[in-house]
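Quick notes on the structure that follows.
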Amino acid sequence: GRDGRVALWDTRQPDAPVTVFEPSDTNNIRDCWSVAFGNSYNDEERCILAGYDNGDVKMFDLRMGKERWKHNVGNGVCGVEFDRREIQMNKFSVTTLESQFHVFDARTEHPKKGFSGLVEKVPNSSTVWGTKHLPQNRDVMMVLGGDGSLNLYKYHYPDQRRVKDKDDQPLGVAGTVSLLANRKPSTQPIACFDWSPDKEGLACCGSFDQAVRVIVVTKLNKV
């Protein structure tokens, strides 16, 4: 929220949040615009990603109850998402103002440099409202454009996902992304999108023109 807090709620206890992560600097509180769950591969591990209006991206470790990682991407963060929330962290995406999105490799965290990542600019100059990873293939994702466009990208892993730096510390290596297709179903920003978990390629999206559209993406089994 605008108070900069990230709160975790249990639906069985609606009166108060279970956990709250407060801003570390109370004199410079930034709006929190987006959150996402991830790293839920067993009964103990859980992480929350949070994106802020000043470009900060923070990862909170729920088991340890503290901030695990922080990075600034330079523009307000409109959306964050893990490629799968129920597996050990693999990668996650961050979307921002100024037509950009970032993809970070989450398998290797350097003690000083953190997670390695890439930055990509979408074809149209507009805010990127979010990404949604395809349930049947976590390396394919739809990027939501502020100009009403939908951009389908695929992530390509590098030959080596981990190398050693000069201090013999493990350092992650980011891959690349390629644009597979793009369409403009609306003239207004695409604010939300969801894939069908059952039918590959079937999806729906909502936009600022107050319309809900059903989308079909074909030939995803060939990418």
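Residue numbering restarts at 1 in every chain; chains get A, B, ... in the order shown in the structure tokens, and ligands count up from 1 in that same order.
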
Find the residues around Ser24 of chain A up to 10 Å (only C-alpha atoms counted), leave out those fewer than 3 positions away in its own chain, and share them as a list in words.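 In the requested form, the answer reads Gly4, Arg5, Phe21, Asn27, Asn28, Ile29 and Glu67 of chain A.
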
Would you pick out the contacts of segment 140-153 of chain A at 9 Å or less, using only C-alpha atoms, so that residues sharing its chain but fewer than 6 positions from it are not included, and give the list as number ranges by chain? A: 83, 95, 99, 101, 122-134, 177-193, 207-208, 220, 223

From segment 42-73 of chain A, collect each residue whose DSSP state is strand (DSSP E or B) and return the set as JSON, numbers by chain. {"A": [47, 48, 49, 50, 51, 52, 56, 57, 58, 59, 60, 61, 66, 67, 68, 69, 70, 71, 72]}

Generate the output file for the selected residues, N, CA and C atoms, as a PDB file, in the first residue's frame.
ATOM      1  N   CYS A  47       8.626 -17.144  -0.093  1.00  0.00           N
ATOM      2  CA  CYS A  47       9.180 -15.814  -0.349  1.00  0.00           C
ATOM      3  C   CYS A  47       8.101 -14.913  -0.932  1.00  0.00           C
ATOM      4  N   ILE A  48       8.237 -13.628  -0.673  1.00  0.00           N
ATOM      5  CA  ILE A  48       7.355 -12.620  -1.258  1.00  0.00           C
ATOM      6  C   ILE A  48       8.212 -11.607  -2.009  1.00  0.00           C
ATOM      7  N   LEU A  49       7.831 -11.321  -3.247  1.00  0.00           N
ATOM      8  CA  LEU A  49       8.432 -10.235  -4.009  1.00  0.00           C
ATOM      9  C   LEU A  49       7.541  -9.006  -3.867  1.00  0.00           C
ATOM     10  N   ALA A  50       8.157  -7.851  -3.744  1.00  0.00           N
ATOM     11  CA  ALA A  50       7.400  -6.603  -3.671  1.00  0.00           C
ATOM     12  C   ALA A  50       8.058  -5.555  -4.560  1.00  0.00           C
ATOM     13  N   GLY A  51       7.251  -4.826  -5.327  1.00  0.00           N
ATOM     14  CA  GLY A  51       7.754  -3.775  -6.203  1.00  0.00           C
ATOM     15  C   GLY A  51       7.228  -2.420  -5.764  1.00  0.00           C
ATOM     16  N   TYR A  52       8.067  -1.393  -5.857  1.00  0.00           N
ATOM     17  CA  TYR A  52       7.740  -0.066  -5.324  1.00  0.00           C
ATOM     18  C   TYR A  52       7.792   1.005  -6.408  1.00  0.00           C
ATOM     19  N   ASP A  56      12.375   0.153  -6.575  1.00  0.00           N
ATOM     20  CA  ASP A  56      12.894  -0.894  -5.692  1.00  0.00           C
ATOM     21  C   ASP A  56      12.135  -2.196  -5.887  1.00  0.00           C
ATOM     22  N   VAL A  57      12.878  -3.296  -5.891  1.00  0.00           N
ATOM     23  CA  VAL A  57      12.299  -4.635  -5.851  1.00  0.00           C
ATOM     24  C   VAL A  57      12.898  -5.330  -4.639  1.00  0.00           C
ATOM     25  N   LYS A  58      12.047  -5.814  -3.755  1.00  0.00           N
ATOM     26  CA  LYS A  58      12.522  -6.462  -2.536  1.00  0.00           C
ATOM     27  C   LYS A  58      11.991  -7.887  -2.465  1.00  0.00           C
ATOM     28  N   MET A  59      12.833  -8.774  -1.959  1.00  0.00           N
ATOM     29  CA  MET A  59      12.414 -10.149  -1.703  1.00  0.00           C
ATOM     30  C   MET A  59      12.459 -10.387  -0.192  1.00  0.00           C
ATOM     31  N   PHE A  60      11.318 -10.812   0.352  1.00  0.00           N
ATOM     32  CA  PHE A  60      11.214 -11.096   1.775  1.00  0.00           C
ATOM     33  C   PHE A  60      11.138 -12.609   1.986  1.00  0.00           C
ATOM     34  N   ASP A  61      11.932 -13.098   2.931  1.00  0.00           N
ATOM     35  CA  ASP A  61      11.941 -14.511   3.288  1.00  0.00           C
ATOM     36  C   ASP A  61      10.997 -14.706   4.463  1.00  0.00           C
ATOM     37  N   LYS A  66      12.609 -11.786   7.292  1.00  0.00           N
ATOM     38  CA  LYS A  66      13.417 -10.600   7.025  1.00  0.00           C
ATOM     39  C   LYS A  66      13.589 -10.393   5.523  1.00  0.00           C
ATOM     40  N   GLU A  67      14.107  -9.218   5.168  1.00  0.00           N
ATOM     41  CA  GLU A  67      14.402  -8.915   3.771  1.00  0.00           C
ATOM     42  C   GLU A  67      15.617  -9.723   3.329  1.00  0.00           C
ATOM     43  N   ARG A  68      15.488 -10.412   2.205  1.00  0.00           N
ATOM     44  CA  ARG A  68      16.570 -11.265   1.705  1.00  0.00           C
ATOM     45  C   ARG A  68      17.384 -10.591   0.609  1.00  0.00           C
ATOM     46  N   TRP A  69      16.722  -9.790  -0.229  1.00  0.00           N
ATOM     47  CA  TRP A  69      17.388  -9.207  -1.407  1.00  0.00           C
ATOM     48  C   TRP A  69      16.688  -7.923  -1.782  1.00  0.00           C
ATOM     49  N   LYS A  70      17.461  -6.977  -2.310  1.00  0.00           N
ATOM     50  CA  LYS A  70      16.904  -5.700  -2.744  1.00  0.00           C
ATOM     51  C   LYS A  70      17.664  -5.214  -3.960  1.00  0.00           C
ATOM     52  N   HIS A  71      16.927  -4.644  -4.901  1.00  0.00           N
ATOM     53  CA  HIS A  71      17.539  -4.139  -6.134  1.00  0.00           C
ATOM     54  C   HIS A  71      16.655  -3.022  -6.679  1.00  0.00           C
ATOM     55  N   ASN A  72      17.269  -2.048  -7.330  1.00  0.00           N
ATOM     56  CA  ASN A  72      16.500  -0.962  -7.936  1.00  0.00           C
ATOM     57  C   ASN A  72      16.599  -1.054  -9.449  1.00  0.00           C
TER      58      ASN A  72
END

Might you pull out every residue within 10 Å of segment 13-19 of chain A, with only C-alpha atoms counted and same-chain residues fewer than 4 positions away left off, and present them as number ranges by chain? A: 6-9, 62, 65

Print the selection's residues with N, CA and C atoms to a file, as a PDB file, in the first residue's frame.
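Just written: part.pdb:
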ATOM      1  N   VAL A   6       4.249  -4.332   3.511  1.00  0.00           N
ATOM      2  CA  VAL A   6       3.848  -5.571   2.849  1.00  0.00           C
ATOM      3  C   VAL A   6       3.283  -6.475   3.928  1.00  0.00           C
ATOM      4  N   ALA A   7       2.002  -6.795   3.830  1.00  0.00           N
ATOM      5  CA  ALA A   7       1.319  -7.564   4.876  1.00  0.00           C
ATOM      6  C   ALA A   7       0.860  -8.909   4.331  1.00  0.00           C
ATOM      7  N   LEU A   8       1.058  -9.935   5.131  1.00  0.00           N
ATOM      8  CA  LEU A   8       0.612 -11.288   4.798  1.00  0.00           C
ATOM      9  C   LEU A   8      -0.600 -11.626   5.648  1.00  0.00           C
ATOM     10  N   TRP A   9      -1.677 -12.059   4.976  1.00  0.00           N
ATOM     11  CA  TRP A   9      -2.934 -12.333   5.676  1.00  0.00           C
ATOM     12  C   TRP A   9      -3.278 -13.812   5.619  1.00  0.00           C
ATOM     13  N   LEU A  62       9.896 -15.429   4.249  1.00  0.00           N
ATOM     14  CA  LEU A  62       8.907 -15.602   5.312  1.00  0.00           C
ATOM     15  C   LEU A  62       9.400 -16.530   6.413  1.00  0.00           C
ATOM     16  N   GLY A  65      11.768 -14.329   8.210  1.00  0.00           N
ATOM     17  CA  GLY A  65      11.100 -13.115   8.664  1.00  0.00           C
ATOM     18  C   GLY A  65      11.882 -11.847   8.425  1.00  0.00           C
TER      19      GLY A  65
END

Go through A:Cys32, A:Val80, A:Leu97, A:Met89 one by one, measure the shortest atom-to-atom distance of each to Glu45 of chain A using only C-alpha atoms, and give the residue with the smallest value.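 Closest candidate: A:Met89.
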
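Shortest atom-to-atom contact with Val173 of chain A among A:Asn54, A:Asn75, A:Thr108, A:Gln136: A:Thr108, counting only C-alpha atoms.
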
Would you kindly return, as a PyMOL selection string, each protein, DNA or RNA residue with an atom no farther than 9 Å from any atom of Asn90 of chain A, considering only C-alpha atoms and excluding same-chain residues fewer than 5 positions away? chain A and resi 39+82-84+104-108

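Taking atom CA of Lys164 of chain A as the reference point, atom CA of Glu44 of chain A is found at 29.3 Å.
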